[in-house]
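Here's the structure we're looking at; comments come further down.
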Amino acid sequence: MVKAIALLSGGLDSTLAVKLVQKQNIDVSGLTFTTPFFNAIKAQTAADQIHLPLMVEDFTTEHLQMLKSPRYGYGKNMNPCIDCHTLMLKMAGRKMEDTGADFLVTGEVLGQRPMSQTKQSLYIVAKNSGYADYILRPLSAQLLEPIKAEREGKVDRSGLLAISGRGRKDQIRLAEELGIRHYPPPAGGCLLTDPIFSHRLRDLMSHAEDRQIRDYELLKYGRHFRAEVTGKIIVGRNRSDNEALCALSTDDDLVCNVADFPGPHVLAPYGNESSMAMAAALCVRYSDAPADTDVNVICLHHNKSVTIKSKAISKEDSERWII
């Protein structure tokens, strides 16, 4: 039986691509990737809806190595779309070889995205992945050169489509025909396209503080501050942030909490005594403690606890240091 591996993002296009191939009695398995910047939730939801077996691969190590110096650069923010897609297809190709599948499937649509889905970009991605003759894009296949599986008769080209451009009318109509009732809006699920997250990521990488994968995870939570002497300090905004920061902290970090009033969990990654005064002042600033009052702040570092008195940092200083 002919077998294929489909890269499944969980969006409408990749789901439709799977269904078009399945209609030809081809055995399709899904594959999705995870990093600190995107997860498998949407892909798993889509796979469940169409009863598709799904493999989830964490390729954080390879992705971070690529992210620091993408060959084709970044998009509007920190999204290296061409290099990211190339890496995904390269790893999917290895999975194809390991499992004995015949070809790969993606939901890419010619002309849909100005950076990564032009004809030239699709060619570059396929060529650099090393599997150019094995990548089928069912939604736009009739606008592209046939791949090996088509030439060998394993895929009927007449059952593939010629969709192009940024509109979604054709996809929505096809979804109705194929009985796909639930799918997410076409918003990106990658944090690297988010301006605030990208700004934090640039700051982290420019200071060479990305020592562990958890340092990337920390970018998702709280308010981030940086002063030249004290380094990075993160202040939780709510209970969810506080719990996440607490779970991600290590003995090498400086952690501060107000003693007698509700307040944030404050974390200075790899911080020490030089970070303590500013971390404590930020902790008071975002707590429920009265203004202009000395407050007890408990600071923990390397399992040693010390209580210091601190007033809140001024609004002007907190705004000056925020990332």
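Chains: A, B, ... in order of the structure tokens. Residues: from 1 per chain. Ligands: from 1, in order shown.
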Residues of region 214-283 of chain A within 12 Å of region 181-192 of chain A: nearest atom pair and distance (Å, one decimal) for each, counting only C-alpha atoms, sorted by chain and number, as CSV?
residue,atom,partner,partner_atom,distance
A:Tyr216,CA,A:Leu191,CA,10.9
A:Glu217,CA,A:Leu191,CA,10.9
A:Leu219,CA,A:Leu191,CA,10.0
A:Lys220,CA,A:Leu191,CA,8.8
Write out as an MDAnalysis selection string which residues come within 10 Å of Thr45 (chain A) when counting only C-alpha atoms, dropping same-chain ones fewer than 3 positions away. chainID A and resid 10:11 40:42 48:51 182:184
Considering only alpha helix (DSSP H) as DSSP defines it on the backbone, what residues of region 90-148 of chain A qualify? List them as a ChimeraX atom specification. /A:90-99,119-129,148
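Take CA of Pro290 (chain A) and CA of Lys311 (chain A): the distance between them is 9.4 Å.
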Close residues, Leu20 (chain A) itself excluded, 12 Å, only C-alpha atoms, min 4 positions apart in chain, as a ChimeraX atom specification: /A:4,6,13-16,24-28,50,105-107,136-141,155-161,171,174-175,177-178
Selection: 7 Å around Asp288 (chain A), only C-alpha atoms, excl. self and same-chain fewer than 2 positions, as a ChimeraX atom specification: /A:261-263,286,290
Residues near region 92-94 of chain A, anyone? I mean within 8 Å using only C-alpha atoms, not counting same-chain ones fewer than 2 positions away, as number ranges by chain. A: 5, 7, 31, 88-90, 96-98, 104, 129-131
Would you output that residue set with N, CA and C atoms, as a PDB file, in the first residue's frame?
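The resulting file, again-v9.pdb, is shown below:
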ATOM      1  N   ILE A   5       3.531  10.636   4.669  1.00  0.00           N
ATOM      2  CA  ILE A   5       3.606  11.357   5.942  1.00  0.00           C
ATOM      3  C   ILE A   5       3.233  12.808   5.672  1.00  0.00           C
ATOM      4  N   LEU A   7       2.809  16.694   7.022  1.00  0.00           N
ATOM      5  CA  LEU A   7       3.122  17.691   8.037  1.00  0.00           C
ATOM      6  C   LEU A   7       1.825  18.406   8.400  1.00  0.00           C
ATOM      7  N   LEU A  31       2.458  14.219  11.065  1.00  0.00           N
ATOM      8  CA  LEU A  31       3.666  14.556  11.806  1.00  0.00           C
ATOM      9  C   LEU A  31       3.611  16.035  12.144  1.00  0.00           C
ATOM     10  N   MET A  88      11.876  21.435   9.029  1.00  0.00           N
ATOM     11  CA  MET A  88      10.767  20.501   9.231  1.00  0.00           C
ATOM     12  C   MET A  88      10.734  19.434   8.143  1.00  0.00           C
ATOM     13  N   LEU A  89      10.905  19.855   6.893  1.00  0.00           N
ATOM     14  CA  LEU A  89      10.847  18.901   5.785  1.00  0.00           C
ATOM     15  C   LEU A  89      12.056  17.979   5.777  1.00  0.00           C
ATOM     16  N   LYS A  90      13.191  18.494   6.191  1.00  0.00           N
ATOM     17  CA  LYS A  90      14.389  17.650   6.278  1.00  0.00           C
ATOM     18  C   LYS A  90      14.176  16.542   7.300  1.00  0.00           C
ATOM     19  N   MET A  96      10.254   9.740   6.867  1.00  0.00           N
ATOM     20  CA  MET A  96       9.717   9.020   5.706  1.00  0.00           C
ATOM     21  C   MET A  96      10.597   7.816   5.375  1.00  0.00           C
ATOM     22  N   GLU A  97      11.897   8.037   5.351  1.00  0.00           N
ATOM     23  CA  GLU A  97      12.825   6.944   5.044  1.00  0.00           C
ATOM     24  C   GLU A  97      12.784   5.869   6.126  1.00  0.00           C
ATOM     25  N   ASP A  98      12.730   6.298   7.399  1.00  0.00           N
ATOM     26  CA  ASP A  98      12.731   5.343   8.515  1.00  0.00           C
ATOM     27  C   ASP A  98      11.491   4.467   8.520  1.00  0.00           C
ATOM     28  N   LEU A 104       5.998  12.858   1.069  1.00  0.00           N
ATOM     29  CA  LEU A 104       5.568  13.783   2.116  1.00  0.00           C
ATOM     30  C   LEU A 104       4.431  14.653   1.596  1.00  0.00           C
ATOM     31  N   SER A 129      15.878  21.024   1.634  1.00  0.00           N
ATOM     32  CA  SER A 129      15.503  19.936   2.543  1.00  0.00           C
ATOM     33  C   SER A 129      16.175  18.625   2.141  1.00  0.00           C
ATOM     34  N   GLY A 130      16.530  18.515   0.860  1.00  0.00           N
ATOM     35  CA  GLY A 130      17.103  17.271   0.353  1.00  0.00           C
ATOM     36  C   GLY A 130      16.060  16.285  -0.143  1.00  0.00           C
ATOM     37  N   TYR A 131      14.781  16.684  -0.114  1.00  0.00           N
ATOM     38  CA  TYR A 131      13.699  15.759  -0.501  1.00  0.00           C
ATOM     39  C   TYR A 131      12.752  16.411  -1.515  1.00  0.00           C
TER      40      TYR A 131
END
Counting only C-alpha atoms, closest pick from A:Val306, A:Leu52, A:Ala259, A:Leu300 relative to Ser287 (chain A) is A:Ala259
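Distance check against Asp294 (chain A) using only C-alpha atoms: of A:Val21, A:Ile313, A:Leu54, A:Val2, the minimum falls on A:Ile313.
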Do you know which residues are at most 8 Å from region 60-72 of chain A counting only C-alpha atoms, after dropping those on the same chain fewer than 2 positions away, and could you put them as a PyMOL selection string? chain A and resi 34-36+58+74+80+82-84+87
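Of the residues in region 33-255 of chain A, those given strand (DSSP E) by DSSP on the backbone are Phe33, Thr34, Leu54, Met55, Val56, Glu57, Asp58, Phe103, Leu104, Val105, Ile135, Leu136, Arg223, His224, Phe225, Arg226, Ala227, Gly231, Lys232, Ile233, Ile234, Val235, Leu254 and Val255 of chain A.
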Restricting it to N, CA and C atoms, dump the selection as an mmCIF file, in the first residue's frame.
data_model
loop_
_atom_site.group_PDB
_atom_site.id
_atom_site.type_symbol
_atom_site.label_atom_id
_atom_site.label_comp_id
_atom_site.auth_asym_id
_atom_site.auth_seq_id
_atom_site.Cartn_x
_atom_site.Cartn_y
_atom_site.Cartn_z
ATOM 1 N N PHE A 33 5.556 19.209 14.833
ATOM 2 C CA PHE A 33 6.754 19.520 15.594
ATOM 3 C C PHE A 33 6.435 20.483 16.722
ATOM 4 N N THR A 34 7.241 20.397 17.785
ATOM 5 C CA THR A 34 7.081 21.315 18.906
ATOM 6 C C THR A 34 8.428 21.938 19.276
ATOM 7 N N LEU A 54 -1.090 10.579 14.655
ATOM 8 C CA LEU A 54 -0.206 11.747 14.675
ATOM 9 C C LEU A 54 1.067 11.463 15.467
ATOM 10 N N MET A 55 2.202 11.737 14.844
ATOM 11 C CA MET A 55 3.499 11.678 15.524
ATOM 12 C C MET A 55 3.885 13.096 15.925
ATOM 13 N N VAL A 56 4.335 13.264 17.170
ATOM 14 C CA VAL A 56 4.750 14.575 17.673
ATOM 15 C C VAL A 56 6.245 14.531 17.960
ATOM 16 N N GLU A 57 6.987 15.406 17.297
ATOM 17 C CA GLU A 57 8.438 15.435 17.443
ATOM 18 C C GLU A 57 8.875 16.773 18.052
ATOM 19 N N ASP A 58 9.607 16.705 19.158
ATOM 20 C CA ASP A 58 10.216 17.904 19.740
ATOM 21 C C ASP A 58 11.585 18.089 19.076
ATOM 22 N N PHE A 103 6.136 9.309 0.191
ATOM 23 C CA PHE A 103 6.288 10.738 -0.059
ATOM 24 C C PHE A 103 5.768 11.538 1.141
ATOM 25 N N LEU A 104 5.998 12.858 1.069
ATOM 26 C CA LEU A 104 5.568 13.783 2.116
ATOM 27 C C LEU A 104 4.431 14.653 1.596
ATOM 28 N N VAL A 105 3.615 15.141 2.520
ATOM 29 C CA VAL A 105 2.478 15.993 2.173
ATOM 30 C C VAL A 105 2.533 17.256 3.022
ATOM 31 N N ILE A 135 8.078 15.877 -2.051
ATOM 32 C CA ILE A 135 7.183 16.793 -1.324
ATOM 33 C C ILE A 135 5.977 17.125 -2.184
ATOM 34 N N LEU A 136 4.810 16.626 -1.778
ATOM 35 C CA LEU A 136 3.557 16.878 -2.493
ATOM 36 C C LEU A 136 2.779 17.977 -1.770
ATOM 37 N N ARG A 223 6.238 40.444 33.332
ATOM 38 C CA ARG A 223 6.870 41.656 32.799
ATOM 39 C C ARG A 223 8.376 41.462 32.891
ATOM 40 N N HIS A 224 9.089 41.894 31.854
ATOM 41 C CA HIS A 224 10.534 41.688 31.815
ATOM 42 C C HIS A 224 11.251 43.032 31.907
ATOM 43 N N PHE A 225 12.244 43.092 32.769
ATOM 44 C CA PHE A 225 13.019 44.308 32.987
ATOM 45 C C PHE A 225 14.505 43.983 32.846
ATOM 46 N N ARG A 226 15.267 44.987 32.428
ATOM 47 C CA ARG A 226 16.714 44.809 32.379
ATOM 48 C C ARG A 226 17.404 46.137 32.714
ATOM 49 N N ALA A 227 18.313 46.084 33.674
ATOM 50 C CA ALA A 227 19.206 47.195 33.976
ATOM 51 C C ALA A 227 20.633 46.713 33.758
ATOM 52 N N GLY A 231 20.962 43.031 35.387
ATOM 53 C CA GLY A 231 20.559 42.004 34.437
ATOM 54 C C GLY A 231 19.053 41.851 34.366
ATOM 55 N N LYS A 232 18.599 40.718 33.844
ATOM 56 C CA LYS A 232 17.172 40.450 33.625
ATOM 57 C C LYS A 232 16.449 40.182 34.940
ATOM 58 N N ILE A 233 15.261 40.783 35.082
ATOM 59 C CA ILE A 233 14.364 40.507 36.210
ATOM 60 C C ILE A 233 12.956 40.354 35.648
ATOM 61 N N ILE A 234 12.250 39.311 36.079
ATOM 62 C CA ILE A 234 10.901 39.018 35.578
ATOM 63 C C ILE A 234 9.913 39.113 36.728
ATOM 64 N N VAL A 235 8.803 39.825 36.497
ATOM 65 C CA VAL A 235 7.790 40.051 37.524
ATOM 66 C C VAL A 235 6.467 39.444 37.063
ATOM 67 N N LEU A 254 17.730 34.157 41.546
ATOM 68 C CA LEU A 254 17.292 34.936 42.705
ATOM 69 C C LEU A 254 15.780 35.071 42.629
ATOM 70 N N VAL A 255 15.098 34.729 43.715
ATOM 71 C CA VAL A 255 13.632 34.781 43.761
ATOM 72 C C VAL A 255 13.204 35.684 44.911
#
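Proximity ranking of A:Val109, A:Ile323, A:Val266, A:Leu143 relative to Gly165 (chain A) places A:Val109 first, based on only C-alpha atoms.
Nearest-residue note for Ile298 (chain A): choosing from A:Asp260, A:Asp252, A:Glu316, A:Glu108, the minimum distance belongs to A:Asp260, counting only C-alpha atoms.
Comparing the minimum interatomic distances between Cys246 (chain A) and each of A:Leu218, A:Val295, A:Leu201, A:Val229, counting only C-alpha atoms, we find that A:Leu218 sits nearest.
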Pick out the closest residue to Tyr221 (chain A) from this set: A:Pro264, A:Gly179, A:Gly167, A:Gly153. Count only C-alpha atoms. A:Pro264
Quick one: everything within 9 Å of Arg166 (chain A), counting only C-alpha atoms, minus sequence neighbours fewer than 4 positions away in the same chain. Send it as a ChimeraX atom specification. /A:109-113
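The gap separating CA of Arg285 (chain A) from CA of Tyr270 (chain A) is 21.7 Å, in Å to one decimal.
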